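Let me begin by presenting the structure, written as structure tokens, before commenting on it.
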Amino acid sequence: MPLNRRKFLKKSAVTGAGVALAGAAAAPAAQAAEKKKPGKPAKRYSLTVLGTTDLHGHVFNWDYFKDAEYSDAKGNAMGLARVSTLVNQIRQEKGRRNTLLLDAGDTIQGTPLTYYFAKVDPITAKGGPVHPMAQAMNAIGYDAAALGNHEFNYGIETLRKFEDQCRFPLLGANALDAKTLKPAFPPYFIKTFRVPGAPPVKVAVLGLTNPGIAIWDKAYVQGKLTFPGLEEQAAKWVPKLKSMGADVVVVSAHSGSSGTSSYGDQLPYVENSAALVAQQVPGIDAILVGHAHVEIPELKVTNTATGKTVVLSEPLCYAERLSVFDFELVFEKGRWTVESVTASLRDAKTVADDPKITRLLKDEHALVVEYVNQVVGTATATLTTVDARYKDAPIIDLITKVQEDVVKAALVGTAYASLPVIAQASPFSRTSEIPAGNVTIRDLSGLYVYDNTLVAKLLTGAQVRAYLEYSAEYFVQTAADSVIDTEKLTNANGRPDYNYDYVSGFSYDIDIAQAAGSRIKNLTYNGAALDDAQQFVLAVNNYRANGGGAFPHVASATEVWAESTEIRTRIAEWVTAKGVLDPADFASVDWKLTRNGTPVF
């Protein structure tokens, strides 16, 4: 599919890559600036910018994996139906013509709802459905959204179809056509706000996405799109927006504020660079932050060149929060100036669903509920991830077994068919459970919540050893005589659960009394000490294969096979074919935690 900038650029009122829309009517009298008279105060205007991020397919306050209303320990609620109510309240408070609604990306992946309309009843089919996220966001009245990295998970064709279905632009100033190096999506959006008795206020929104797309969705974007750093592209575009008369510049960035990267030194660009953009690029007034799934009501960053304060805010993911930026502008010396910016959050749990959104998408929701509740087999025992972080759990062995079987079948008749196949898997969730008795698609989907696909990579024994040592850094160093607290045993240096890997096919101990890098003990394969020179085929998810988590050797290793079918689909197929899910067919205790050689459990 050609990587053109499509309908939004064609409709643009501005020459070049962007989108410009004008507010059609004057602001309400209460918000209007006064005509300047002798002794009267300067003309003023109040603007409110609203923002969501990392919606990940959450329209309703519903957990498809549990087949129940969503709930968590903190009492949060989620979903665009709730956000719609919050947005309506604020538009009523401020006047709709004084508000702008943005999103910072990761929209079309993350729930069975989004999977269903990408794979089961795809929006790309001839005469196919309109994506539920496009329907909801159109109905709520979003003005623009930045591209997230997960927008690319289903390929460019699905993303382009979603783009066509949205009545607002998907922005990505640093998503470039690999051949022309020109923007493949609109870089910016400009909206003009009419102010009675004063010149209009022009607000520019610059959209920036994550450079990590080049790694995480390499199979879809390599040779087609390239993703330079946010700081570099902001420095290019903000002066252009200013020269086009922008009075206010807002950045919607699918990039966290921490200044860190999960992919080591594989890319010369920072993954979480929103605060660096604020610090380094003059002319930005506020940044809507995404990607990191953290809650930041207001973060003030000083721009090093101008000394001016830039206000950042990141609402919690899944439409659990809404960021609210309040701008006060003053008209002096022939131009509008931003006098102040404040940011705060509104909480989805404080309101009810907007019935307009509930009515709009009730049929799509019902279809997906029916789909995920299909029974595909029976389990002889309950399997759970509750203690899978620190004990070898059969439920994770199920994932590695499925991956081994798929790769072994794929390699039949190839030069690699005689090599042993090993597999990695992570404890993604602490609450997944496959109950004894009937097993449904939602039970299996809850075990593997990401839309990862399978890749086969060639590794040596020495490289596997290094891989396991790196994985074992997940555990907090714990003295042999100290009391074990399982809540404090894992996530050393903030490493998330999904960056701890089991590797099947080996027997090994992880000695957590030792320093990181010296923890893997008694590593054997087929009952003998591991031969560092032996070759293995590692069945690995595409996130890890492309460098996600910065595990050693795997990203640069020779790729011998890959596919685009999701691992969760492979698990469902495996269970369906077996009919009976019996741990005896896949479970084994391959690793354990020790302290100075003594087992922890």
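We name chains A, B, ... following the order of the structure tokens; residues begin at 1 in each chain, and ligands are numbered from 1 as shown.
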Name the residues in contact with Asn438 in chain A at a cut-off of 10 Å, using only C-alpha atoms, excluding same-chain residues fewer than 4 positions from it; report them as a count of residues only. 11
Just want the 8 Å neighbourhood of range 300-317 of chain A, counted on only C-alpha atoms, with same-chain residues fewer than 5 positions away dropped. Output as a list in words. Gly51, Thr52, Thr53, Asp54, Leu55, His56, Ala275, Ala278, Gln279, Gln280, Val281, Pro282, Ile284, Asp285, Ala286, Ile287, Leu288, Val289, Gly290, His293, Val294, Glu295, Leu322, Ser323, Val341, Thr342, Ala343, Ser344 and Leu345 of chain A
Given only C-alpha atoms as the counted atoms, nearest of A:Ser71, A:Asn542, A:Thr569, A:Ser84 to Asn153 in chain A: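 Closest candidate: A:Asn542.
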Exercise: Gly148 in chain A partners within 9 Å, only C-alpha atoms, chain neighbours under 2 positions left out, as a count of residues only: 21
Would you please extract all alpha helix (DSSP H) residues from range 148-177 of chain A, as assigned by DSSP on the backbone, and give them as a VMD selection string? chain A and resid 156 to 165
I'd like the contact shell of Glu231 in chain A - 8 Å cut-off, only C-alpha atoms, skipping same-chain residues fewer than 3 positions apart - returned as a ChimeraX atom specification. /A:234-235,273,276-277,280-281
Atoms kept (N, CA and C atoms) for selection, written as a PDB file, in the first residue's frame:
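For reference, result08.pdb as written:
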```pdb
ATOM      1  N   ALA A 234      11.170  17.813  16.457  1.00  0.00           N
ATOM      2  CA  ALA A 234      10.517  18.964  17.089  1.00  0.00           C
ATOM      3  C   ALA A 234      11.290  20.242  16.768  1.00  0.00           C
ATOM      4  N   ALA A 235      12.626  20.159  16.817  1.00  0.00           N
ATOM      5  CA  ALA A 235      13.462  21.329  16.515  1.00  0.00           C
ATOM      6  C   ALA A 235      13.272  21.790  15.076  1.00  0.00           C
ATOM      7  N   SER A 273      11.427  10.569  25.602  1.00  0.00           N
ATOM      8  CA  SER A 273      12.159  11.834  25.471  1.00  0.00           C
ATOM      9  C   SER A 273      11.288  13.082  25.570  1.00  0.00           C
ATOM     10  N   LEU A 276      12.930  15.848  27.433  1.00  0.00           N
ATOM     11  CA  LEU A 276      14.085  16.352  26.683  1.00  0.00           C
ATOM     12  C   LEU A 276      13.632  17.299  25.580  1.00  0.00           C
ATOM     13  N   VAL A 277      12.511  16.980  24.951  1.00  0.00           N
ATOM     14  CA  VAL A 277      11.942  17.877  23.935  1.00  0.00           C
ATOM     15  C   VAL A 277      11.606  19.220  24.570  1.00  0.00           C
ATOM     16  N   GLN A 280      14.926  21.075  25.389  1.00  0.00           N
ATOM     17  CA  GLN A 280      15.845  21.425  24.305  1.00  0.00           C
ATOM     18  C   GLN A 280      15.249  22.270  23.191  1.00  0.00           C
ATOM     19  N   VAL A 281      13.943  22.188  22.978  1.00  0.00           N
ATOM     20  CA  VAL A 281      13.340  22.840  21.812  1.00  0.00           C
ATOM     21  C   VAL A 281      12.554  24.074  22.244  1.00  0.00           C
TER      22      VAL A 281
END
```
Residues near range 464-473 of chain A, cut-off 6 Å, only C-alpha atoms, skip fewer than 4 positions along chain, as a PyMOL selection string: chain A and resi 500-501+516-517+520+552
CA of Ala417 in chain A and CA of Leu447 in chain A are how many Å apart?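 Distance reported for this atom pair: 29.1 Å.
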Minimum-distance residue to Phe325 in chain A, chosen among A:Ser556, A:Ser340, A:Gln463, A:Thr414 (using only C-alpha atoms): A:Ser340
Compile the contact shell of Leu86 in chain A as JSON, numbers by chain: residues with an atom at most 10 Å away, counting only C-alpha atoms, same-chain residues fewer than 2 positions apart removed. {"A": [50, 80, 81, 82, 83, 84, 88, 89, 90, 91, 92, 321, 322, 346, 347, 348, 350, 351, 352, 353, 354]}
Grab the residues selected above and save them as a JSON list (two decimals), in the first residue's frame with N, CA and C atoms.
```
[["chain", "number", "residue", "atom", "x", "y", "z"],
["A", 50, "LEU", "N", -7.57, 19.29, 26.15],
["A", 50, "LEU", "CA", -7.85, 18.03, 26.84],
["A", 50, "LEU", "C", -7.06, 16.91, 26.16],
["A", 80, "LEU", "N", -13.46, 4.92, 27.03],
["A", 80, "LEU", "CA", -13.82, 6.17, 26.36],
["A", 80, "LEU", "C", -15.23, 6.62, 26.67],
["A", 81, "ALA", "N", -16.11, 5.69, 27.04],
["A", 81, "ALA", "CA", -17.48, 6.10, 27.40],
["A", 81, "ALA", "C", -17.45, 7.00, 28.64],
["A", 82, "ARG", "N", -16.54, 6.71, 29.59],
["A", 82, "ARG", "CA", -16.37, 7.58, 30.77],
["A", 82, "ARG", "C", -15.70, 8.90, 30.36],
["A", 83, "VAL", "N", -14.65, 8.81, 29.56],
["A", 83, "VAL", "CA", -13.94, 10.02, 29.12],
["A", 83, "VAL", "C", -14.89, 10.96, 28.38],
["A", 84, "SER", "N", -15.80, 10.39, 27.60],
["A", 84, "SER", "CA", -16.78, 11.21, 26.88],
["A", 84, "SER", "C", -17.59, 12.07, 27.84],
["A", 88, "ASN", "N", -17.54, 16.12, 27.95],
["A", 88, "ASN", "CA", -18.79, 16.90, 27.86],
["A", 88, "ASN", "C", -18.89, 17.90, 29.01],
["A", 89, "GLN", "N", -18.51, 17.47, 30.22],
["A", 89, "GLN", "CA", -18.56, 18.37, 31.38],
["A", 89, "GLN", "C", -17.66, 19.59, 31.17],
["A", 90, "ILE", "N", -16.44, 19.32, 30.70],
["A", 90, "ILE", "CA", -15.47, 20.42, 30.56],
["A", 90, "ILE", "C", -15.87, 21.34, 29.42],
["A", 91, "ARG", "N", -16.39, 20.78, 28.34],
["A", 91, "ARG", "CA", -16.87, 21.63, 27.24],
["A", 91, "ARG", "C", -18.01, 22.54, 27.70],
["A", 92, "GLN", "N", -18.83, 22.01, 28.61],
["A", 92, "GLN", "CA", -19.93, 22.83, 29.14],
["A", 92, "GLN", "C", -19.37, 23.94, 30.04],
["A", 321, "ARG", "N", -7.84, 8.35, 33.04],
["A", 321, "ARG", "CA", -7.71, 9.78, 33.39],
["A", 321, "ARG", "C", -7.78, 10.62, 32.11],
["A", 322, "LEU", "N", -8.07, 11.89, 32.31],
["A", 322, "LEU", "CA", -8.08, 12.88, 31.24],
["A", 322, "LEU", "C", -7.22, 14.05, 31.69],
["A", 346, "ARG", "N", -8.50, 14.76, 35.35],
["A", 346, "ARG", "CA", -9.85, 14.36, 35.75],
["A", 346, "ARG", "C", -9.89, 12.83, 35.76],
["A", 347, "ASP", "N", -10.70, 12.27, 36.66],
["A", 347, "ASP", "CA", -10.69, 10.83, 36.93],
["A", 347, "ASP", "C", -11.96, 10.17, 36.39],
["A", 348, "ALA", "N", -11.78, 9.13, 35.56],
["A", 348, "ALA", "CA", -12.92, 8.45, 34.94],
["A", 348, "ALA", "C", -13.86, 7.81, 35.96],
["A", 350, "THR", "N", -15.04, 9.02, 38.53],
["A", 350, "THR", "CA", -15.96, 9.98, 39.15],
["A", 350, "THR", "C", -17.24, 10.20, 38.34],
["A", 351, "VAL", "N", -17.33, 9.57, 37.16],
["A", 351, "VAL", "CA", -18.50, 9.81, 36.29],
["A", 351, "VAL", "C", -19.04, 8.48, 35.77],
["A", 352, "ALA", "N", -20.22, 8.55, 35.18],
["A", 352, "ALA", "CA", -20.83, 7.37, 34.54],
["A", 352, "ALA", "C", -20.53, 7.37, 33.05],
["A", 353, "ASP", "N", -20.78, 6.25, 32.39],
["A", 353, "ASP", "CA", -20.61, 6.17, 30.94],
["A", 353, "ASP", "C", -21.54, 7.16, 30.25],
["A", 354, "ASP", "N", -21.07, 7.68, 29.13],
["A", 354, "ASP", "CA", -21.91, 8.51, 28.26],
["A", 354, "ASP", "C", -22.83, 7.56, 27.49]]
```
